[in-house]
$ cat entry_32.cif   # mmCIF, C-alpha atoms
data_run
loop_
_atom_site.group_PDB
_atom_site.id
_atom_site.type_symbol
_atom_site.label_atom_id
_atom_site.label_comp_id
_atom_site.auth_asym_id
_atom_site.auth_seq_id
_atom_site.Cartn_x
_atom_site.Cartn_y
_atom_site.Cartn_z
ATOM 1 C CA MET F 15 66.647 86.221 55.796
ATOM 2 C CA VAL F 16 64.728 87.666 58.750
ATOM 3 C CA VAL F 17 66.526 88.674 61.928
ATOM 4 C CA GLU F 18 64.660 87.922 65.068
ATOM 5 C CA PRO F 19 64.432 91.050 67.348
ATOM 6 C CA MET F 20 64.907 89.029 70.545
ATOM 7 C CA SER F 21 68.230 87.588 69.376
ATOM 8 C CA VAL F 22 69.522 91.086 68.478
ATOM 9 C CA ALA F 23 68.464 92.432 71.886
ATOM 10 C CA GLY F 24 69.996 89.448 73.654
ATOM 11 C CA SER F 25 73.227 89.811 71.715
ATOM 12 C CA SER F 26 73.558 93.522 72.479
ATOM 13 C CA LEU F 27 72.770 92.881 76.164
ATOM 14 C CA ALA F 28 75.434 90.169 76.306
ATOM 15 C CA LYS F 29 77.977 92.526 74.699
ATOM 16 C CA GLY F 30 77.159 95.258 77.210
ATOM 17 C CA VAL F 31 77.458 92.956 80.206
ATOM 18 C CA THR F 32 80.709 91.482 78.877
ATOM 19 C CA SER F 33 82.137 94.967 78.372
ATOM 20 C CA VAL F 34 81.284 96.037 81.929
ATOM 21 C CA VAL F 35 82.677 92.823 83.447
ATOM 22 C CA THR F 36 85.876 93.115 81.392
ATOM 23 C CA LYS F 37 86.433 96.685 82.551
ATOM 24 C CA GLN F 38 85.820 95.647 86.161
ATOM 25 C CA LEU F 39 88.369 92.845 85.915
ATOM 26 C CA GLN F 40 91.038 94.989 84.236
ATOM 27 C CA SER F 41 90.969 97.674 86.923
ATOM 28 C CA LYS F 42 92.083 97.276 90.531
ATOM 29 C CA SER F 43 89.483 99.746 91.742
ATOM 30 C CA GLY F 44 86.611 99.360 89.307
ATOM 31 C CA VAL F 45 85.784 101.018 86.039
ATOM 32 C CA ARG F 46 88.030 103.956 85.118
ATOM 33 C CA LEU F 47 85.757 106.955 84.956
ATOM 34 C CA GLY F 48 87.941 109.569 83.268
ATOM 35 C CA SER F 49 91.057 109.607 81.154
ATOM 36 C CA ARG F 50 94.399 109.797 82.934
ATOM 37 C CA ASP F 51 94.968 113.420 81.938
ATOM 38 C CA GLU F 52 91.450 114.441 82.973
ATOM 39 C CA ARG F 53 91.822 112.767 86.362
ATOM 40 C CA ARG F 54 95.257 114.365 86.866
ATOM 41 C CA GLN F 55 93.827 117.835 86.222
ATOM 42 C CA VAL F 56 90.894 117.260 88.574
ATOM 43 C CA TYR F 57 93.145 115.874 91.324
ATOM 44 C CA LYS F 58 95.405 118.915 90.987
ATOM 45 C CA ARG F 59 92.461 121.313 91.078
ATOM 46 C CA PHE F 60 91.172 119.669 94.254
ATOM 47 C CA GLN F 61 94.587 119.844 95.923
ATOM 48 C CA ASP F 62 94.942 123.501 94.942
ATOM 49 C CA GLY F 63 91.507 124.234 96.394
ATOM 50 C CA VAL F 64 92.257 122.491 99.687
ATOM 51 C CA THR F 65 95.609 124.274 99.934
ATOM 52 C CA ASP F 66 93.978 127.668 99.330
ATOM 53 C CA VAL F 67 91.318 127.069 101.993
ATOM 54 C CA TYR F 68 93.934 125.777 104.435
ATOM 55 C CA THR F 69 96.222 128.780 103.841
ATOM 56 C CA LEU F 70 93.454 131.375 104.169
ATOM 57 C CA LEU F 71 92.108 129.709 107.279
ATOM 58 C CA MET F 72 95.536 129.755 108.880
ATOM 59 C CA TRP F 73 95.943 133.424 107.959
ATOM 60 C CA ILE F 74 92.631 134.277 109.663
ATOM 61 C CA VAL F 75 93.500 132.232 112.752
ATOM 62 C CA LEU F 76 96.928 133.867 112.944
ATOM 63 C CA GLU F 77 95.395 137.342 112.662
ATOM 64 C CA GLN F 78 92.899 136.508 115.402
ATOM 65 C CA ARG F 79 95.633 135.162 117.655
ATOM 66 C CA LEU F 80 97.719 138.300 117.172
ATOM 67 C CA PHE F 81 94.960 140.348 118.797
ATOM 68 C CA THR F 82 93.919 137.819 121.459
ATOM 69 C CA LEU F 83 95.459 137.446 124.898
ATOM 70 C CA ARG F 84 94.956 134.212 126.854
ATOM 71 C CA VAL F 85 94.039 134.863 130.484
ATOM 72 C CA GLY F 86 93.484 132.668 133.540
ATOM 73 C CA LYS F 87 93.643 128.944 134.188
ATOM 74 C CA THR F 88 91.070 128.157 131.508
ATOM 75 C CA ARG F 89 93.068 130.196 128.976
ATOM 76 C CA ARG F 90 89.970 132.146 127.996
ATOM 77 C CA GLY F 91 90.650 134.475 125.080
ATOM 78 C CA PHE F 92 90.467 138.216 125.606
ATOM 79 C CA THR F 93 90.647 140.400 122.490
ATOM 80 C CA TRP F 94 92.632 143.489 123.389
ATOM 81 C CA ARG F 95 92.160 145.176 119.997
ATOM 82 C CA PRO F 96 88.648 144.162 118.918
ATOM 83 C CA HIS F 97 88.521 146.572 115.990
ATOM 84 C CA ALA F 98 91.714 145.156 114.450
ATOM 85 C CA ALA F 99 90.556 141.558 114.973
ATOM 86 C CA GLU F 100 87.180 142.353 113.426
ATOM 87 C CA GLN F 101 88.846 144.045 110.454
ATOM 88 C CA ALA F 102 91.136 141.022 109.903
ATOM 89 C CA ALA F 103 88.139 138.682 109.946
ATOM 90 C CA ARG F 104 86.192 140.996 107.641
ATOM 91 C CA ASP F 105 89.084 141.007 105.162
ATOM 92 C CA GLY F 106 89.682 137.269 105.243
ATOM 93 C CA LEU F 107 86.214 135.732 105.344
ATOM 94 C CA PRO F 108 85.126 136.677 101.791
ATOM 95 C CA GLN F 109 88.341 135.199 100.418
ATOM 96 C CA LEU F 110 87.845 132.071 102.535
ATOM 97 C CA THR F 111 84.266 131.736 101.298
ATOM 98 C CA GLN F 112 85.378 132.040 97.681
ATOM 99 C CA ALA F 113 88.212 129.529 98.163
ATOM 100 C CA ASN F 114 85.826 127.155 99.943
ATOM 101 C CA ALA F 115 83.371 127.381 97.034
ATOM 102 C CA GLU F 116 86.173 126.657 94.543
ATOM 103 C CA MET F 117 87.288 123.674 96.622
ATOM 104 C CA PHE F 118 83.768 122.215 96.644
ATOM 105 C CA LYS F 119 83.446 122.725 92.891
ATOM 106 C CA ALA F 120 86.704 120.831 92.479
ATOM 107 C CA TYR F 121 85.370 118.112 94.797
ATOM 108 C CA MET F 122 82.234 117.751 92.675
ATOM 109 C CA ASP F 123 84.431 117.401 89.571
ATOM 110 C CA LEU F 124 86.454 114.825 91.468
ATOM 111 C CA ARG F 125 83.299 112.860 92.211
ATOM 112 C CA LEU F 126 82.548 112.767 88.487
ATOM 113 C CA VAL F 127 85.858 111.385 87.233
ATOM 114 C CA ALA F 128 87.726 109.862 90.185
ATOM 115 C CA ASN F 129 88.106 106.208 90.943
ATOM 116 C CA PRO F 130 86.998 104.930 94.377
ATOM 117 C CA ALA F 131 90.414 104.987 96.099
ATOM 118 C CA PRO F 132 91.214 108.668 95.372
ATOM 119 C CA LEU F 133 87.626 109.585 96.189
ATOM 120 C CA ASP F 134 87.935 107.976 99.635
ATOM 121 C CA ALA F 135 91.222 109.819 100.197
ATOM 122 C CA ALA F 136 89.580 113.103 99.156
ATOM 123 C CA ASN F 137 86.753 112.445 101.629
ATOM 124 C CA THR F 138 89.360 111.994 104.355
ATOM 125 C CA VAL F 139 91.013 115.307 103.405
ATOM 126 C CA LEU F 140 87.641 117.078 103.586
ATOM 127 C CA ASP F 141 86.854 115.476 106.956
ATOM 128 C CA ARG F 142 90.176 116.628 108.408
ATOM 129 C CA LEU F 143 89.744 120.127 106.977
ATOM 130 C CA THR F 144 86.239 120.291 108.424
ATOM 131 C CA MET F 145 87.692 119.431 111.840
ATOM 132 C CA VAL F 146 89.952 122.490 111.546
ATOM 133 C CA LEU F 147 87.081 124.691 110.362
ATOM 134 C CA ASP F 148 84.907 123.559 113.280
ATOM 135 C CA MET F 149 87.482 124.595 115.893
ATOM 136 C CA ASN F 150 86.742 127.720 117.821
ATOM 137 C CA LEU F 151 89.202 130.493 118.571
ATOM 138 C CA SER F 152 89.748 129.310 122.128
ATOM 139 C CA ALA F 153 91.414 126.093 120.938
ATOM 140 C CA THR F 154 94.945 125.727 122.248
ATOM 141 C CA ASP F 155 97.930 125.904 119.962
ATOM 142 C CA ALA F 156 98.684 122.205 120.504
ATOM 143 C CA VAL F 157 95.179 121.149 119.437
ATOM 144 C CA LEU F 158 95.268 123.434 116.413
ATOM 145 C CA SER F 159 98.729 122.198 115.378
ATOM 146 C CA LYS F 160 97.610 118.566 115.700
ATOM 147 C CA ALA F 161 94.538 119.236 113.531
ATOM 148 C CA LEU F 162 96.689 120.971 110.911
ATOM 149 C CA GLU F 163 99.143 118.070 110.859
ATOM 150 C CA CYS F 164 96.197 115.749 110.219
ATOM 151 C CA VAL F 165 95.159 117.856 107.191
ATOM 152 C CA VAL F 166 98.691 117.825 105.776
ATOM 153 C CA GLU F 167 98.998 114.071 106.342
ATOM 154 C CA ALA F 168 95.641 113.478 104.630
ATOM 155 C CA GLN F 169 96.836 115.543 101.656
ATOM 156 C CA ARG F 170 100.008 113.429 101.456
ATOM 157 C CA GLU F 171 97.933 110.252 101.483
ATOM 158 C CA PHE F 172 95.688 111.714 98.782
ATOM 159 C CA THR F 173 98.754 112.469 96.640
ATOM 160 C CA ASP F 174 100.070 108.921 97.086
ATOM 161 C CA VAL F 175 96.709 107.382 96.192
ATOM 162 C CA CYS F 176 96.461 109.640 93.129
ATOM 163 C CA ARG F 177 99.957 108.638 92.028
ATOM 164 C CA ASP F 178 98.954 104.983 92.245
ATOM 165 C CA ASP F 179 95.696 105.696 90.433
ATOM 166 C CA LEU F 180 97.387 107.600 87.625
ATOM 167 C CA TRP F 181 99.818 104.701 87.264
ATOM 168 C CA TYR F 182 103.008 106.546 86.400
ATOM 169 C CA LEU F 183 105.439 103.738 87.160
ATOM 170 C CA PRO F 184 105.525 100.498 85.172
ATOM 171 C CA GLN F 185 103.951 97.519 86.843
ATOM 172 C CA ARG F 186 105.777 94.227 87.389
ATOM 173 C CA TRP F 187 104.135 92.614 84.405
ATOM 174 C CA GLN F 188 105.340 95.460 82.144
ATOM 175 C CA VAL F 189 109.005 94.459 82.256
ATOM 176 C CA TYR F 190 109.380 94.432 78.495
ATOM 177 C CA ARG F 191 109.050 98.076 77.514
ATOM 178 C CA PRO F 192 111.888 98.829 75.075
ATOM 179 C CA SER F 193 111.356 102.598 74.916
ATOM 180 C CA TRP F 194 111.221 102.895 78.699
ATOM 181 C CA TRP F 195 114.423 100.859 79.164
ATOM 182 C CA LYS F 196 116.152 102.767 76.361
ATOM 183 C CA ALA F 197 115.336 106.109 78.011
ATOM 184 C CA ARG F 198 116.676 104.815 81.342
ATOM 185 C CA ARG F 199 119.873 103.602 79.682
ATOM 186 C CA GLN F 200 120.398 106.973 77.975
ATOM 187 C CA GLN F 201 119.768 108.795 81.234
ATOM 188 C CA ARG F 202 122.375 106.645 83.037
ATOM 189 C CA MET F 203 124.886 107.260 80.248
ATOM 190 C CA LYS F 204 124.387 111.043 80.502
ATOM 191 C CA GLN F 205 124.881 110.900 84.251
ATOM 192 C CA SER F 206 128.064 108.849 83.985
ATOM 193 C CA LYS F 207 129.537 111.237 81.359
ATOM 194 C CA GLY F 208 128.401 114.476 83.068
#

$ encode --input "entry_32.cif" --output "structure tokens"
Amino acid sequence: MVVEPMSVAGSSLAKGVTSVVTKQLQSKSGVRLGSRDERRQVYKRFQDGVTDVYTLLMWIVLEQRLFTLRVGKTRRGFTWRPHAAEQAARDGLPQLTQANAEMFKAYMDLRLVANPAPLDAANTVLDRLTMVLDMNLSATDAVLSKALECVVEAQREFTDVCRDDLWYLPQRWQVYRPSWWKARRQQRMKQSKG
């Protein structure tokens, strides 16, 4: 019996297309790119990186504001201890650069394994953080606070999207999960006894 090469190629192509379509239909947001644990680790690394950059940036801004006096109607900044302000910036900028590099490495990992919804949320976090980084030192406290609130809110949204993506809670169609219900029942019994 001779196997025709075109039928083998056609069969393997059909299997490949069917596999891709099946994966698309099973997922709300497209093909899952990484395992759940891998995505969880990458999401955490990205959040840690953003938090480090945010914290260091706020430390530098606070140090600069400690040595800056606002004068006049335009609230123009006047540095009354330039040496101390320069030293604070000199101490903080290398750490900020390193944290920024780590955050972008985490973002590149995120682009490799994340699904579209968490990736969009991560883009929003980076956009909001860039808005804070682009502010100059003469920005008022109200403007700076508003920009920081936007970063924190974007991080909360990112966390919520990641929680949905990682799928920790059972879905409506997963009502029959004996081990899950048994664990809940045991937990309720412990709480009622304790």

$ residues_around --input "entry_32.cif" --residues "stretch 110-125 of chain F" --least-positions-apart "3" --cutoff "12 Å" --atoms "only C-alpha atoms" --output "ChimeraX atom specification"
/F:47-48,52-75,103-107,128-137,139-140,143-144,147,176

$ write_last_selection --input "entry_32.cif" --atoms "C-alpha atoms" --output "PDB file, keeping the file's coordinate frame"
ATOM      1  CA  LEU F  47      85.757 106.955  84.956  1.00  0.00           C
ATOM      2  CA  GLY F  48      87.941 109.569  83.268  1.00  0.00           C
ATOM      3  CA  GLU F  52      91.450 114.441  82.973  1.00  0.00           C
ATOM      4  CA  ARG F  53      91.822 112.767  86.362  1.00  0.00           C
ATOM      5  CA  ARG F  54      95.257 114.365  86.866  1.00  0.00           C
ATOM      6  CA  GLN F  55      93.827 117.835  86.222  1.00  0.00           C
ATOM      7  CA  VAL F  56      90.894 117.260  88.574  1.00  0.00           C
ATOM      8  CA  TYR F  57      93.145 115.874  91.324  1.00  0.00           C
ATOM      9  CA  LYS F  58      95.405 118.915  90.987  1.00  0.00           C
ATOM     10  CA  ARG F  59      92.461 121.313  91.078  1.00  0.00           C
ATOM     11  CA  PHE F  60      91.172 119.669  94.254  1.00  0.00           C
ATOM     12  CA  GLN F  61      94.587 119.844  95.923  1.00  0.00           C
ATOM     13  CA  ASP F  62      94.942 123.501  94.942  1.00  0.00           C
ATOM     14  CA  GLY F  63      91.507 124.234  96.394  1.00  0.00           C
ATOM     15  CA  VAL F  64      92.257 122.491  99.687  1.00  0.00           C
ATOM     16  CA  THR F  65      95.609 124.274  99.934  1.00  0.00           C
ATOM     17  CA  ASP F  66      93.978 127.668  99.330  1.00  0.00           C
ATOM     18  CA  VAL F  67      91.318 127.069 101.993  1.00  0.00           C
ATOM     19  CA  TYR F  68      93.934 125.777 104.435  1.00  0.00           C
ATOM     20  CA  THR F  69      96.222 128.780 103.841  1.00  0.00           C
ATOM     21  CA  LEU F  70      93.454 131.375 104.169  1.00  0.00           C
ATOM     22  CA  LEU F  71      92.108 129.709 107.279  1.00  0.00           C
ATOM     23  CA  MET F  72      95.536 129.755 108.880  1.00  0.00           C
ATOM     24  CA  TRP F  73      95.943 133.424 107.959  1.00  0.00           C
ATOM     25  CA  ILE F  74      92.631 134.277 109.663  1.00  0.00           C
ATOM     26  CA  VAL F  75      93.500 132.232 112.752  1.00  0.00           C
ATOM     27  CA  ALA F 103      88.139 138.682 109.946  1.00  0.00           C
ATOM     28  CA  ARG F 104      86.192 140.996 107.641  1.00  0.00           C
ATOM     29  CA  ASP F 105      89.084 141.007 105.162  1.00  0.00           C
ATOM     30  CA  GLY F 106      89.682 137.269 105.243  1.00  0.00           C
ATOM     31  CA  LEU F 107      86.214 135.732 105.344  1.00  0.00           C
ATOM     32  CA  ALA F 128      87.726 109.862  90.185  1.00  0.00           C
ATOM     33  CA  ASN F 129      88.106 106.208  90.943  1.00  0.00           C
ATOM     34  CA  PRO F 130      86.998 104.930  94.377  1.00  0.00           C
ATOM     35  CA  ALA F 131      90.414 104.987  96.099  1.00  0.00           C
ATOM     36  CA  PRO F 132      91.214 108.668  95.372  1.00  0.00           C
ATOM     37  CA  LEU F 133      87.626 109.585  96.189  1.00  0.00           C
ATOM     38  CA  ASP F 134      87.935 107.976  99.635  1.00  0.00           C
ATOM     39  CA  ALA F 135      91.222 109.819 100.197  1.00  0.00           C
ATOM     40  CA  ALA F 136      89.580 113.103  99.156  1.00  0.00           C
ATOM     41  CA  ASN F 137      86.753 112.445 101.629  1.00  0.00           C
ATOM     42  CA  VAL F 139      91.013 115.307 103.405  1.00  0.00           C
ATOM     43  CA  LEU F 140      87.641 117.078 103.586  1.00  0.00           C
ATOM     44  CA  LEU F 143      89.744 120.127 106.977  1.00  0.00           C
ATOM     45  CA  THR F 144      86.239 120.291 108.424  1.00  0.00           C
ATOM     46  CA  LEU F 147      87.081 124.691 110.362  1.00  0.00           C
ATOM     47  CA  CYS F 176      96.461 109.640  93.129  1.00  0.00           C
TER      48      CYS F 176
END

$ resolve_selection --input "entry_32.cif" --expression "the PyMOL selection byres ((chain F and resi 168) around 10)" --output "JSON, numbers by chain"
{"F": [135, 136, 137, 138, 139, 140, 141, 142, 143, 162, 163, 164, 165, 166, 167, 169, 170, 171, 172, 173, 174]}

$ atom_distance --input "entry_32.cif" --atom1 "atom CA of F:Leu158" --atom2 "atom CA of F:His97"
24.1 Å

$ atom_distance --input "entry_32.cif" --atom1 "atom CA of F:Ala102" --atom2 "atom CA of F:Asn150"
16.1 Å

$ atom_distance --input "entry_32.cif" --atom1 "atom CA of F:Lys160" --atom2 "atom CA of F:Asp148"
13.9 Å
